[in-house]
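Trainee: Quick one, entry22.txt (compact mmCIF, C-alpha atoms (C1' of nucleotides)):
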```txt
# COMPACT_ATOMS: atom_id res chain seq x y z
CA MET A 2 50.94 -74.45 26.55
CA PRO A 3 47.76 -73.16 28.18
CA GLN A 4 44.73 -75.40 28.31
CA TYR A 5 42.63 -73.51 25.77
CA MET A 6 45.26 -73.71 23.08
CA GLU A 7 44.85 -77.45 22.90
CA GLN A 8 41.17 -77.22 22.24
CA LYS A 9 41.12 -74.86 19.33
CA LYS A 10 42.27 -75.24 15.74
CA TYR A 11 44.84 -72.64 14.85
CA THR A 12 44.71 -73.19 11.14
CA TYR A 13 44.34 -71.08 8.04
CA PRO A 14 43.49 -73.53 5.27
CA LYS A 15 42.96 -72.74 1.62
CA GLU A 16 39.15 -72.66 1.94
CA GLU A 17 39.38 -69.76 4.37
CA LYS A 18 41.46 -67.65 2.05
CA LEU A 19 39.78 -64.78 0.36
CA LYS A 20 40.58 -65.14 -3.31
CA SER A 21 37.66 -63.81 -5.28
CA ARG A 22 38.40 -60.49 -6.86
CA ASN A 23 34.68 -59.71 -7.01
CA THR A 24 34.14 -60.37 -3.33
CA ILE A 25 36.99 -58.03 -2.52
CA ASP A 26 35.54 -55.33 -4.75
CA LEU A 27 32.15 -55.83 -3.09
CA MET A 28 33.73 -55.52 0.33
CA PHE A 29 35.42 -52.23 -0.42
CA SER A 30 32.36 -50.74 -2.10
CA GLU A 31 29.63 -51.93 0.26
CA GLY A 32 31.40 -53.33 3.30
CA ARG A 33 31.71 -51.79 6.73
CA SER A 34 34.84 -51.49 8.82
CA VAL A 35 36.25 -51.14 12.31
CA SER A 36 39.65 -49.77 13.26
CA LYS A 37 41.97 -50.23 16.17
CA TYR A 38 45.03 -48.27 15.15
CA PRO A 39 47.10 -49.31 13.34
CA LEU A 40 44.88 -52.21 12.28
CA ARG A 41 41.67 -52.04 10.29
CA LEU A 42 39.10 -54.73 9.58
CA VAL A 43 36.81 -54.48 6.57
CA TYR A 44 33.94 -56.93 6.39
CA VAL A 45 30.81 -57.81 4.43
CA PRO A 46 28.15 -60.52 4.89
CA LEU A 47 28.06 -63.24 2.23
CA PRO A 48 25.23 -65.54 1.10
CA VAL A 49 25.32 -68.86 2.94
CA THR A 50 26.91 -71.62 0.88
CA ASN A 51 28.51 -75.01 1.41
CA GLU A 52 31.92 -73.42 1.58
CA SER A 53 33.75 -72.15 4.60
CA PRO A 54 31.67 -69.70 6.67
CA ILE A 55 34.59 -67.27 6.72
CA LYS A 56 36.85 -65.81 4.07
CA VAL A 57 39.85 -63.80 5.16
CA GLY A 58 42.55 -61.85 3.37
CA VAL A 59 45.39 -59.70 4.61
CA SER A 60 46.82 -56.52 3.20
CA VAL A 61 49.85 -54.30 3.70
CA SER A 62 50.03 -51.19 1.62
CA LYS A 63 52.88 -50.43 -0.71
CA LYS A 64 52.55 -46.90 0.57
CA HIS A 65 53.77 -47.95 4.02
CA PHE A 66 56.36 -50.52 3.00
CA LYS A 67 58.15 -50.06 -0.25
CA LYS A 68 60.02 -53.37 -0.22
CA ALA A 69 58.30 -56.64 -0.97
CA VAL A 70 60.21 -58.39 1.82
CA ASP A 71 58.71 -56.10 4.43
CA ARG A 72 55.20 -56.43 3.06
CA ASN A 73 55.51 -60.22 3.04
CA TYR A 74 56.76 -60.19 6.62
CA PHE A 75 53.85 -58.18 8.01
CA LYS A 76 51.32 -60.13 5.98
CA ARG A 77 52.69 -63.27 7.58
CA LEU A 78 52.36 -61.74 11.01
CA LEU A 79 48.76 -60.76 10.28
CA ARG A 80 47.97 -64.30 9.16
CA GLU A 81 49.63 -65.59 12.30
CA THR A 82 47.53 -63.44 14.61
CA TYR A 83 44.37 -64.25 12.66
CA ARG A 84 45.12 -67.93 13.08
CA HIS A 85 45.46 -67.59 16.82
CA ASN A 86 42.35 -65.46 17.29
CA LYS A 87 39.95 -66.59 14.61
CA HIS A 88 37.72 -68.37 17.14
CA LEU A 89 36.60 -64.91 18.32
CA LEU A 90 35.10 -64.34 14.87
CA LEU A 91 33.77 -67.84 14.24
CA GLU A 92 31.88 -67.95 17.55
CA ASN A 93 30.12 -64.65 16.98
CA ILE A 94 29.19 -64.18 13.33
CA PRO A 95 25.55 -65.02 12.48
CA GLY A 96 26.17 -66.02 8.85
CA ASN A 97 28.92 -66.16 6.27
CA TYR A 98 31.32 -63.25 6.24
CA ALA A 99 34.35 -62.01 4.29
CA PHE A 100 37.09 -60.07 6.04
CA MET A 101 40.14 -58.08 5.06
CA LEU A 102 42.73 -57.40 7.73
CA MET A 103 44.83 -54.36 6.99
CA TYR A 104 48.07 -53.06 8.44
CA GLN A 105 48.09 -49.29 8.28
CA THR A 106 51.29 -47.82 9.60
CA LYS A 107 54.92 -47.43 8.72
CA ASP A 108 55.94 -48.52 12.24
CA ARG A 109 57.38 -51.98 12.64
CA LEU A 110 55.31 -53.51 15.44
CA SER A 111 56.30 -56.78 17.07
CA LEU A 112 54.18 -59.90 16.82
CA GLU A 113 53.13 -59.46 20.44
CA GLU A 114 51.89 -55.92 19.83
CA ILE A 115 50.03 -56.92 16.69
CA ASN A 116 48.45 -59.84 18.51
CA THR A 117 47.13 -57.59 21.29
CA LYS A 118 45.75 -55.13 18.75
CA THR A 119 44.12 -57.92 16.78
CA ILE A 120 42.25 -59.20 19.82
CA GLN A 121 41.06 -55.67 20.60
CA LEU A 122 40.04 -55.21 17.00
CA PHE A 123 38.02 -58.42 16.92
CA GLU A 124 36.27 -57.52 20.18
CA LYS A 125 35.39 -54.12 18.78
CA PHE A 126 33.97 -55.79 15.70
CA ILE A 127 31.77 -58.10 17.76
CA ILE A 128 30.36 -55.14 19.68
CA GLN A 129 29.60 -53.30 16.47
CA LEU A 130 27.96 -56.39 15.00
CA LYS A 131 25.63 -56.77 18.01
CA GLN A 132 24.51 -53.17 17.83
CA GLN A 133 23.10 -53.61 14.33
C1' G B 12 102.73 -62.33 9.00
C1' C B 13 100.72 -57.35 7.86
C1' C B 14 98.92 -53.51 4.39
C1' G B 15 97.15 -52.32 -0.58
C1' C B 16 95.27 -53.67 -5.45
C1' A B 17 92.94 -57.19 -8.93
C1' G B 18 89.92 -61.55 -9.69
C1' G B 19 86.78 -65.53 -7.88
C1' C B 20 83.60 -67.96 -4.15
C1' C B 21 80.35 -68.49 0.19
C1' G B 22 76.72 -65.66 2.39
C1' C B 23 74.31 -68.70 9.22
C1' C B 24 73.18 -73.73 11.59
C1' U B 25 70.29 -77.24 14.95
C1' U B 26 66.00 -78.75 17.82
C1' A B 27 60.92 -78.16 19.57
C1' U B 28 55.79 -76.22 19.13
C1' C B 29 51.96 -74.06 16.00
C1' G B 30 51.10 -73.26 10.66
C1' C B 31 51.29 -72.76 4.81
C1' U B 32 52.21 -75.13 -0.10
C1' G B 33 53.33 -79.02 -4.20
C1' C B 34 53.83 -84.20 -5.07
C1' G B 35 53.36 -89.38 -3.52
C1' C B 36 50.79 -93.10 -0.46
C1' U B 37 45.98 -94.02 2.22
C1' A B 38 38.86 -95.81 2.43
C1' A B 39 39.82 -91.99 5.94
C1' C B 40 42.46 -89.77 10.14
C1' G B 41 46.99 -88.85 8.61
C1' C B 42 52.18 -90.07 7.12
C1' G B 43 56.58 -89.33 3.99
C1' C B 44 59.55 -86.30 0.68
C1' G B 45 60.42 -81.42 -1.70
C1' G B 46 59.69 -75.91 -0.96
C1' A B 47 63.44 -68.25 -2.80
C1' G B 48 68.26 -65.51 -4.79
C1' G B 49 73.28 -64.23 -6.03
C1' A B 50 71.37 -60.68 -7.10
C1' A B 51 64.75 -63.45 -7.14
C1' A B 52 65.89 -56.23 -7.77
C1' G B 53 66.40 -52.27 -11.87
C1' U B 54 63.42 -53.85 -16.43
C1' C B 55 68.67 -51.66 -19.69
C1' C B 56 70.07 -55.21 -24.03
C1' G B 57 69.70 -60.30 -26.51
C1' G B 58 66.74 -64.73 -27.38
C1' A B 59 63.00 -68.87 -26.78
C1' C B 60 57.64 -69.16 -27.01
C1' A B 61 52.76 -67.18 -28.55
C1' C B 62 49.41 -64.10 -31.34
C1' C B 63 48.80 -60.02 -34.98
C1' A B 64 50.90 -57.84 -39.42
C1' U B 65 53.78 -58.85 -43.83
C1' A B 66 54.68 -58.93 -52.62
C1' G B 67 58.97 -55.87 -53.33
C1' G B 68 61.47 -51.20 -52.52
C1' G B 69 62.30 -46.40 -50.19
C1' C B 70 62.08 -42.57 -46.16
C1' A B 71 62.12 -41.68 -40.99
C1' G B 72 63.67 -43.63 -36.19
C1' C B 73 66.84 -46.59 -32.94
C1' A B 74 71.31 -49.38 -32.20
C1' U B 75 76.31 -50.92 -33.42
C1' A B 76 81.46 -49.42 -35.36
C1' G B 77 90.10 -51.62 -35.44
C1' C B 78 91.04 -56.94 -36.36
C1' G B 79 90.02 -62.13 -35.04
C1' G B 80 87.19 -65.62 -32.25
C1' G B 81 82.89 -67.55 -28.93
C1' U B 82 77.50 -68.01 -28.80
C1' A B 83 70.71 -69.70 -30.08
C1' A B 84 71.59 -64.43 -30.01
C1' C B 85 73.47 -59.82 -28.18
C1' G B 86 74.90 -53.53 -27.38
C1' C B 87 77.57 -59.58 -23.86
C1' C B 88 82.20 -62.55 -23.31
C1' C B 89 87.46 -63.93 -24.80
C1' G B 90 92.00 -62.82 -27.41
C1' U B 91 94.87 -59.23 -29.92
C1' C B 92 96.79 -54.56 -32.28
C1' A B 93 97.02 -49.12 -32.93
C1' U B 94 96.87 -45.36 -29.29
C1' U B 95 97.54 -43.83 -24.31
C1' C B 96 98.65 -43.54 -18.75
C1' C B 97 101.79 -45.12 -14.47
C1' G B 98 106.40 -47.34 -12.53
C1' U B 99 111.53 -48.40 -13.75
C1' G B 100 115.67 -47.24 -16.98
C1' A B 101 120.67 -43.06 -20.13
C1' A B 102 118.11 -45.61 -23.93
C1' A B 103 116.31 -49.97 -26.01
C1' G B 104 113.27 -52.51 -23.20
C1' C B 105 110.58 -54.67 -19.05
C1' G B 106 106.17 -54.76 -15.51
C1' G B 107 101.11 -53.04 -14.69
C1' G B 108 96.53 -50.30 -16.14
C1' A B 109 93.06 -47.95 -19.69
C1' G B 110 91.54 -49.06 -24.65
C1' A B 111 82.99 -46.56 -27.91
C1' G B 112 89.02 -46.98 -32.17
C1' G B 113 84.75 -46.22 -39.74
C1' A B 114 84.78 -41.27 -42.48
C1' C B 115 86.59 -34.16 -41.37
C1' A B 116 89.37 -35.81 -49.99
C1' A B 117 80.68 -33.79 -49.26
C1' G B 118 78.26 -29.85 -46.32
C1' U B 119 77.42 -27.19 -41.48
C1' G B 120 79.34 -25.99 -36.68
C1' C B 121 83.19 -25.34 -32.77
C1' A B 122 88.39 -23.98 -31.01
C1' A B 123 91.35 -21.11 -24.52
C1' C B 124 96.23 -18.51 -24.63
C1' A B 125 99.69 -16.49 -27.98
C1' G B 126 99.38 -14.20 -32.74
C1' A B 127 98.45 -9.19 -37.88
C1' A B 128 95.54 -13.29 -39.19
C1' A B 129 92.50 -19.76 -36.92
C1' G B 130 89.45 -20.92 -42.24
C1' G B 131 85.50 -17.03 -48.41
C1' A B 132 92.72 -16.15 -44.11
C1' U B 133 97.67 -13.37 -45.45
C1' G B 134 99.94 -7.91 -42.21
C1' U B 135 105.08 -6.33 -41.35
C1' A B 136 110.51 -6.87 -42.37
C1' C B 137 114.07 -9.00 -45.71
C1' A B 138 114.98 -11.63 -50.29
C1' G B 139 113.34 -13.47 -55.10
C1' G B 140 109.86 -13.05 -59.18
C1' U B 141 105.80 -10.87 -62.62
C1' A B 142 102.57 -7.20 -67.55
C1' A B 143 100.06 -7.12 -62.63
C1' U B 144 98.68 -9.45 -57.83
C1' G B 145 100.92 -12.70 -50.97
C1' C B 146 102.88 -14.86 -56.79
C1' U B 147 107.23 -17.53 -53.96
C1' G B 148 110.70 -18.19 -49.76
C1' U B 149 112.55 -16.87 -44.86
C1' A B 150 111.83 -14.45 -40.03
C1' G B 151 107.94 -14.20 -36.04
C1' U B 152 103.11 -16.67 -32.64
C1' G B 153 101.23 -21.40 -31.88
C1' A B 154 99.80 -28.19 -31.22
C1' A B 155 98.44 -26.35 -36.09
C1' A B 156 99.42 -20.70 -40.54
C1' U B 157 96.59 -23.38 -47.86
C1' C B 158 98.96 -28.17 -44.86
C1' A B 159 93.51 -32.09 -48.90
C1' G B 160 95.18 -28.33 -40.89
C1' G B 161 92.32 -30.19 -35.79
C1' U B 162 87.60 -31.94 -33.88
C1' A B 163 82.29 -36.88 -35.39
C1' A B 164 80.84 -40.10 -26.65
C1' A B 165 79.49 -32.07 -32.60
C1' C B 166 75.41 -32.19 -36.29
C1' U B 167 76.34 -35.19 -40.32
C1' C B 168 77.91 -39.10 -43.89
C1' U B 169 78.99 -44.40 -44.77
C1' A B 170 78.33 -49.64 -43.69
C1' U B 171 75.52 -53.32 -41.07
C1' G B 172 71.24 -54.83 -38.15
C1' C B 173 66.17 -54.03 -36.46
C1' G B 174 57.91 -55.41 -38.23
C1' G B 175 54.53 -54.92 -33.75
C1' U B 176 52.54 -56.61 -29.05
C1' G B 177 53.98 -59.35 -24.31
C1' A B 178 51.99 -64.80 -20.11
C1' A B 179 46.89 -59.54 -18.13
C1' A B 180 50.20 -63.28 -24.77
C1' U B 181 47.52 -67.50 -26.45
C1' G B 182 44.42 -72.14 -26.49
C1' C B 183 40.54 -75.10 -24.10
C1' C B 184 36.31 -76.44 -20.60
C1' A B 185 32.16 -74.10 -18.57
C1' U B 186 27.70 -73.81 -13.29
C1' G B 187 23.78 -70.10 -12.59
C1' U B 188 20.94 -66.05 -14.90
C1' A B 189 19.27 -63.92 -19.36
C1' U B 190 19.17 -65.36 -24.51
C1' A B 191 19.93 -65.79 -30.97
C1' C B 192 18.26 -70.21 -33.23
C1' C B 193 15.83 -75.33 -33.61
C1' G B 194 12.24 -79.18 -32.06
C1' G B 195 7.98 -80.94 -29.18
C1' C B 196 3.64 -80.16 -26.30
C1' A B 197 -0.16 -77.07 -24.29
C1' A B 198 -3.48 -73.14 -24.59
C1' C B 199 -6.36 -69.58 -27.02
C1' U B 200 -8.48 -65.06 -28.80
C1' A B 201 -8.85 -59.02 -27.55
C1' A B 202 -5.39 -57.23 -31.25
C1' G B 203 -1.37 -58.69 -35.92
C1' A B 204 0.27 -60.97 -41.10
C1' A B 205 -0.83 -64.24 -45.51
C1' C B 206 -4.58 -66.99 -48.55
C1' U B 207 -8.84 -62.90 -49.56
C1' G B 208 -12.66 -57.32 -50.36
C1' C B 209 -15.75 -59.56 -45.92
C1' C B 210 -16.93 -64.01 -42.62
C1' C B 211 -15.36 -68.93 -41.39
C1' G B 212 -11.20 -71.91 -41.77
C1' U B 213 -5.96 -73.00 -42.27
C1' U B 214 -0.95 -71.50 -41.67
C1' C B 215 2.51 -68.13 -39.54
C1' A B 216 3.61 -64.95 -35.62
C1' A B 217 2.85 -64.30 -30.43
C1' U B 218 2.31 -66.70 -25.05
C1' G B 219 3.59 -70.67 -21.44
C1' C B 220 6.20 -75.22 -20.31
C1' C B 221 9.86 -78.99 -21.62
C1' G B 222 14.15 -80.48 -24.41
C1' G B 223 18.27 -79.31 -27.65
C1' G B 224 21.77 -75.49 -28.64
C1' G B 225 25.61 -71.33 -30.29
C1' G B 226 28.15 -67.37 -28.25
C1' G B 227 29.67 -66.37 -23.38
C1' U B 228 30.09 -64.07 -17.40
C1' A B 229 31.86 -66.16 -12.49
C1' G B 230 35.22 -69.94 -12.05
C1' G B 231 38.58 -73.77 -13.71
C1' C B 232 42.44 -76.24 -16.88
C1' A B 233 46.51 -75.86 -20.27
C1' G B 234 50.52 -72.33 -21.24
C1' A B 235 53.81 -73.50 -16.30
C1' U B 236 58.32 -75.65 -14.65
C1' A B 237 63.44 -81.39 -17.54
C1' G B 238 66.10 -77.07 -19.20
C1' A B 239 70.76 -73.19 -24.78
C1' C B 240 69.66 -77.36 -16.82
C1' C B 241 73.22 -78.81 -12.75
C1' C B 242 77.67 -81.71 -10.97
C1' C B 243 82.18 -84.66 -11.96
C1' U B 244 86.01 -86.46 -15.35
C1' G B 245 88.70 -86.41 -19.95
C1' C B 246 90.07 -84.14 -24.62
C1' A B 247 90.68 -79.59 -28.00
C1' G B 248 91.74 -74.29 -27.50
C1' U B 249 96.25 -68.75 -25.00
C1' A B 250 91.09 -67.90 -23.55
C1' A B 251 85.78 -67.17 -23.99
C1' U B 252 83.98 -71.85 -25.21
C1' G B 253 83.14 -76.52 -27.61
C1' C B 254 82.96 -81.94 -27.81
C1' A B 255 82.72 -86.84 -25.40
C1' G B 256 81.59 -90.06 -21.17
C1' G B 257 79.31 -90.79 -16.35
C1' G B 258 75.93 -89.16 -12.58
C1' G B 259 71.68 -86.07 -10.87
C1' C B 260 66.32 -83.89 -10.67
C1' C B 261 66.75 -78.72 -8.23
C1' A B 262 60.04 -74.07 -5.91
C1' G B 263 55.72 -73.94 -8.91
C1' A B 264 52.26 -70.20 -5.80
C1' U B 265 48.06 -67.35 -8.33
C1' A B 266 44.89 -61.30 -3.22
C1' A B 267 49.97 -65.21 -4.52
C1' A B 268 52.97 -70.89 -0.17
C1' U B 269 58.30 -71.25 1.10
C1' G B 270 56.66 -68.84 7.70
C1' A B 271 56.14 -67.43 13.12
C1' U B 272 57.75 -68.17 18.08
C1' A B 273 61.10 -70.20 21.77
C1' A B 274 65.73 -72.38 23.22
C1' G B 275 70.71 -73.55 22.02
C1' G B 276 75.05 -73.07 18.91
C1' G B 277 78.43 -70.77 14.99
C1' U B 278 80.98 -66.24 13.14
C1' C B 279 82.46 -61.13 13.91
C1' C B 280 82.92 -56.52 17.06
C1' C B 281 83.47 -54.06 22.11
C1' G B 282 85.30 -55.29 27.14
C1' C B 283 90.79 -57.19 31.81
C1' A B 284 86.41 -59.96 33.08
C1' A B 285 81.26 -60.89 34.07
C1' G B 286 78.79 -59.61 30.00
C1' G B 287 76.83 -56.65 25.92
C1' G B 288 76.09 -55.92 20.71
C1' A B 289 75.96 -57.25 15.42
C1' U B 290 74.43 -61.41 11.91
C1' A B 291 73.85 -57.82 5.40
C1' C B 292 71.36 -56.71 0.68
C1' A B 293 66.97 -58.53 -0.21
C1' G B 294 61.32 -62.32 -1.59
C1' A B 295 60.46 -66.41 -7.37
C1' A B 296 55.48 -64.70 -10.78
C1' U B 297 56.41 -67.84 -18.57
C1' C B 298 61.54 -69.38 -19.11
C1' C B 299 66.75 -68.71 -20.45
C1' G B 300 71.80 -65.63 -21.73
C1' G B 301 74.03 -60.96 -20.29
C1' C B 302 74.57 -55.91 -18.25
C1' U B 303 73.80 -52.54 -14.11
C1' U B 304 72.89 -51.55 -9.07
C1' A B 305 72.60 -53.24 -3.43
C1' C B 306 75.27 -56.30 0.19
C1' A B 307 76.96 -57.63 7.57
C1' G B 308 80.65 -60.96 7.76
C1' G B 309 83.98 -64.72 5.97
C1' C B 310 87.18 -67.72 2.58
C1' C B 311 90.54 -68.63 -1.67
C1' U B 312 94.12 -67.24 -5.67
C1' G B 313 97.69 -63.83 -7.90
C1' C B 314 100.77 -59.44 -7.73
C1' U B 315 103.34 -55.02 -5.44
C1' U B 316 105.61 -52.69 -1.04
C1' U B 317 107.50 -53.35 3.86
C1' U B 318 109.09 -56.14 8.37
C1' U B 319 111.05 -60.58 10.74
C1' A B 320 113.43 -65.38 10.40
C1' U B 321 116.29 -68.90 7.51
```
In C-alpha cells, write the structure found in this file.

Mentor:
Amino acid sequence: MPQYMEQKKYTYPKEEKLKSRNTIDLMFSEGRSVSKYPLRLVYVPLPVTNESPIKVGVSVSKKHFKKAVDRNYFKRLLRETYRHNKHLLLENIPGNYAFMLMYQTKDRLSLEEINTKTIQLFEKFIIQLKQQ
RNA sequence: GCCGCAGGCCGCCUUAUCGCUGCGCUAACGCGCGGAGGAAAGUCCGGACACCAUAGGGCAGCAUAGCGGGUAACGCCCGUCAUUCCGUGAAAGCGGGAGAGGACAAGUGCAACAGAAAGGAUGUACAGGUAAUGCUGUAGUGAAAUCAGGUAAACUCUAUGCGGUGAAAUGCCAUGUAUACCGGCAACUAAGAACUGCCCGUUCAAUGCCGGGGGGUAGGCAGAUAGACCCCUGCAGUAAUGCAGGGGCCAGAUAAAUGAUAAGGGUCCCGCAAGGGAUACAGAAUCCGGCUUACAGGCCUGCUUUUUAU
C-alpha cells in the first residue's frame, strides 16, 4: 500500500450521503456541472451547518442500464471511486457542497477506467471552482 | 455404462486489504454477531392488513364451469371418470401421454369436399298412399339429409363468485418561518367603530413585544420484519395435505446497505502437453400462497430403447 493511502480516510459514512429530495431538486434546477465523458458531476453550494461539509449521491440512468443488477453494480463502483478520491474535493471546497456523480454511458467500464476518469473529473471541477 | 423422456434438488468456495448496513456491548476509540433469490423478475390470480364506501334488490362488467378432495383463499394443487392420442396385440386387454369437459329441447351466426338440396330444406327414379300435397319408404352424396342434426377456447343462455383504493395505504410526533385564536404588558393618536348630534372620557379595534396555542411544511417514528415461518421425527391419507412432539430465529435498507479489489482453490469445456477459456439468470422494497417467464454448470429418482458382462 502506498504511503498516502494510510493517511487518508477512505470512508463514505451515512452523514455524507445525499438523501434530501429537496436538495437534489435544488441541485438539478440551480446547480452547475462539469463533465469528463462518460462521467458528470452536478454540484451546488449549501448553507454551512453542523452537519457534514459534503453530501454526495450517485446515479446511473435506467436509460443506459435496464437491469437493476447492472445499475447497482455501477453505482457501487462510483461510490468506490468517490471514496478513494474524496480528499480532492474536501481539500478544495470553500464551504458546504452537495454533489451528484452520474454515469452516462451504456459502455461497461472497468473500475480502473472509472477511477482515472473520476480523478480527472474532480480536477476539472476544482479548476472551474477557482475561476468563479 | 450410454442415449432419450418425465419429475425433483443445488446453483461456487477460502483468505487478505479497504468499505457499507442492522443489532448487541462500551464513557469513548472500537469489538462481536447477522446481512438477497429460486426465481428477489413479470405484476397475471388469490389472501392478510389498512382506509373509504355500504338498508335491500336489479342491470352492466369480469372470472369460473365433469365428479370428489386439499387450503386462510384461489383462476392454484391432488385424486378420479368420460373423451382422446401413441405403443403393443387378432381381440379383450396392458403400458404411457393429453384431458377449459354446464346448456345448441330459447334466439342469432358458422360449416371445406361430395351432393338436387346443409337448415323457413326436399329434386330424380322406383314403390306405397291421399280428396289433394315429399304424405310415406327405398336408392344415391356425406360425419350428418326433419334426426329435438353438428358447433358455445362462436355470440348467447344458465349456475356460482366478485364494492373500491393500495404501504406513495394508514396512524403518530414535530424544529424554523408565517399565522387563526387566547392571555399579559407597553405605547399612543393622524385616521376607524360604539356610548352620542358635537367635545372630553371610557371601551373595542389597530400597532409592538412576550407567553400560550390549533392546524401544519422540512424531517422523524410507527406500519416494518416471529411468520397461513423453517428443520427433524412420528401418525392419518392413494395423494395434495392435516395433526402431534422436539428443535431453530433466518436481511430490514429508505436517492435505498448486503460491496470492491487482489491472491488461491473448486467445477466444466478446449488442448498430446505447456496452457487457455467459461463460471448462468438475475438484486429484497408491507408480508404471505400460487401461476408464468429467465437460467452456465452439476446432482438425484423413475421409466423406455440399445450395448456389454454375469

Trainee: Please return, as a list in words, all residues of chain B lying within 8 Å of chain A when all atoms listed in the file are considered.

Mentor: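 So the residues of chain B near chain A are C29, G30, C31, A266, G270, A271, A293 and G294 of chain B.
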
Trainee: Tell me which of B:A71, B:U312, B:U321, B:G80 sits closest to B:A17, counting all atoms listed in the file.

Mentor: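 Between B:A71, B:U312, B:U321, B:G80, the residue approaching B:A17 most closely is B:U312.
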
Trainee: Near stretch 193-205 of chain B, within 12 Å and counting all atoms listed in the file, which residues show up once chain neighbours fewer than 3 positions away are dropped, as a list of chain:residue names?

Mentor: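 After dropping sequence-adjacent residues, the list is B:U213, B:U214, B:C215, B:A216, B:A217, B:U218, B:G219, B:C220, B:C221, B:G222, B:G223, B:G224, B:G225.
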
Trainee: For B:G45, list every protein, DNA or RNA residue within 9 Å, evaluated using only C-alpha atoms (C1' of nucleotides), and leave out those in the same chain fewer than 4 positions away; present the list as a PyMOL selection string.

Mentor: chain B and resi 33-34+262

Trainee: Dump C-alpha atoms (C1' of nucleotides) for the selected residues as a short mmCIF file (atom, residue, chain, number, x, y, z; two decimals), in the frame of the given file?

Mentor:
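This is the output file again.cif:
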```cif
data_model
loop_
_atom_site.label_atom_id
_atom_site.label_comp_id
_atom_site.auth_asym_id
_atom_site.auth_seq_id
_atom_site.Cartn_x
_atom_site.Cartn_y
_atom_site.Cartn_z
"C1'" G B 33 53.33 -79.02 -4.20
"C1'" C B 34 53.83 -84.20 -5.07
"C1'" A B 262 60.04 -74.07 -5.91
#
```

Trainee: Tell me which protein, DNA and RNA residues are within 10 Å of A:Asp108, counting only C-alpha atoms (C1' of nucleotides), leaving out same-chain ones fewer than 4 positions away, and put them as a PyMOL selection string.

Mentor: chain A and resi 39+65-66+104

Trainee: When distances are computed from only C-alpha atoms (C1' of nucleotides), which of B:U190, B:U119, B:U249, B:U65 shows the smallest separation from B:U167?

Mentor: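 Among B:U190, B:U119, B:U249, B:U65, it is B:U119 that comes nearest to B:U167.
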
Trainee: Around all of stretch 232-243 of chain B's listed atoms, make the axis-aligned box with 6 Å on each side and tell me centre and edge lengths in Å to one decimal, as JSON.

Mentor:
```
{"center_x": 62.3, "center_y": -78.5, "center_z": -17.9, "size_x": 51.7, "size_y": 24.3, "size_z": 25.8}
```

Trainee: Could you give me, as a PyMOL selection string, the residues that sit within 12 Å of (65.8, -76.6, 18.6) in the file's coordinates, counting all atoms listed in the file?

Mentor: chain B and resi 24-28+272-276

Trainee: Given the selection you just returned, output its residues as a file containing C-alpha atoms (C1' of nucleotides), formatted as a short mmCIF file (atom, residue, chain, number, x, y, z; two decimals), keeping the file's coordinate frame.

Mentor:
```
data_model
loop_
_atom_site.label_atom_id
_atom_site.label_comp_id
_atom_site.auth_asym_id
_atom_site.auth_seq_id
_atom_site.Cartn_x
_atom_site.Cartn_y
_atom_site.Cartn_z
"C1'" C B 24 73.18 -73.73 11.59
"C1'" U B 25 70.29 -77.24 14.95
"C1'" U B 26 66.00 -78.75 17.82
"C1'" A B 27 60.92 -78.16 19.57
"C1'" U B 28 55.79 -76.22 19.13
"C1'" U B 272 57.75 -68.17 18.08
"C1'" A B 273 61.10 -70.20 21.77
"C1'" A B 274 65.73 -72.38 23.22
"C1'" G B 275 70.71 -73.55 22.02
"C1'" G B 276 75.05 -73.07 18.91
#
```

Trainee: Considering only C-alpha atoms, can you say which of A:Leu42, A:Val57, A:Leu79, A:Val35 comes closest to A:Ala99?

Mentor: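 When distances to A:Ala99 are compared using only C-alpha atoms, the smallest one comes from A:Val57.
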
Trainee: Of the candidates A:Ser53, A:Gln121, A:Lys64, A:Arg41, which one gets nearest to A:Asn86 if we count all atoms listed in the file?

Mentor: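 Checking each candidate against A:Asn86, we get A:Gln121 as the closest.
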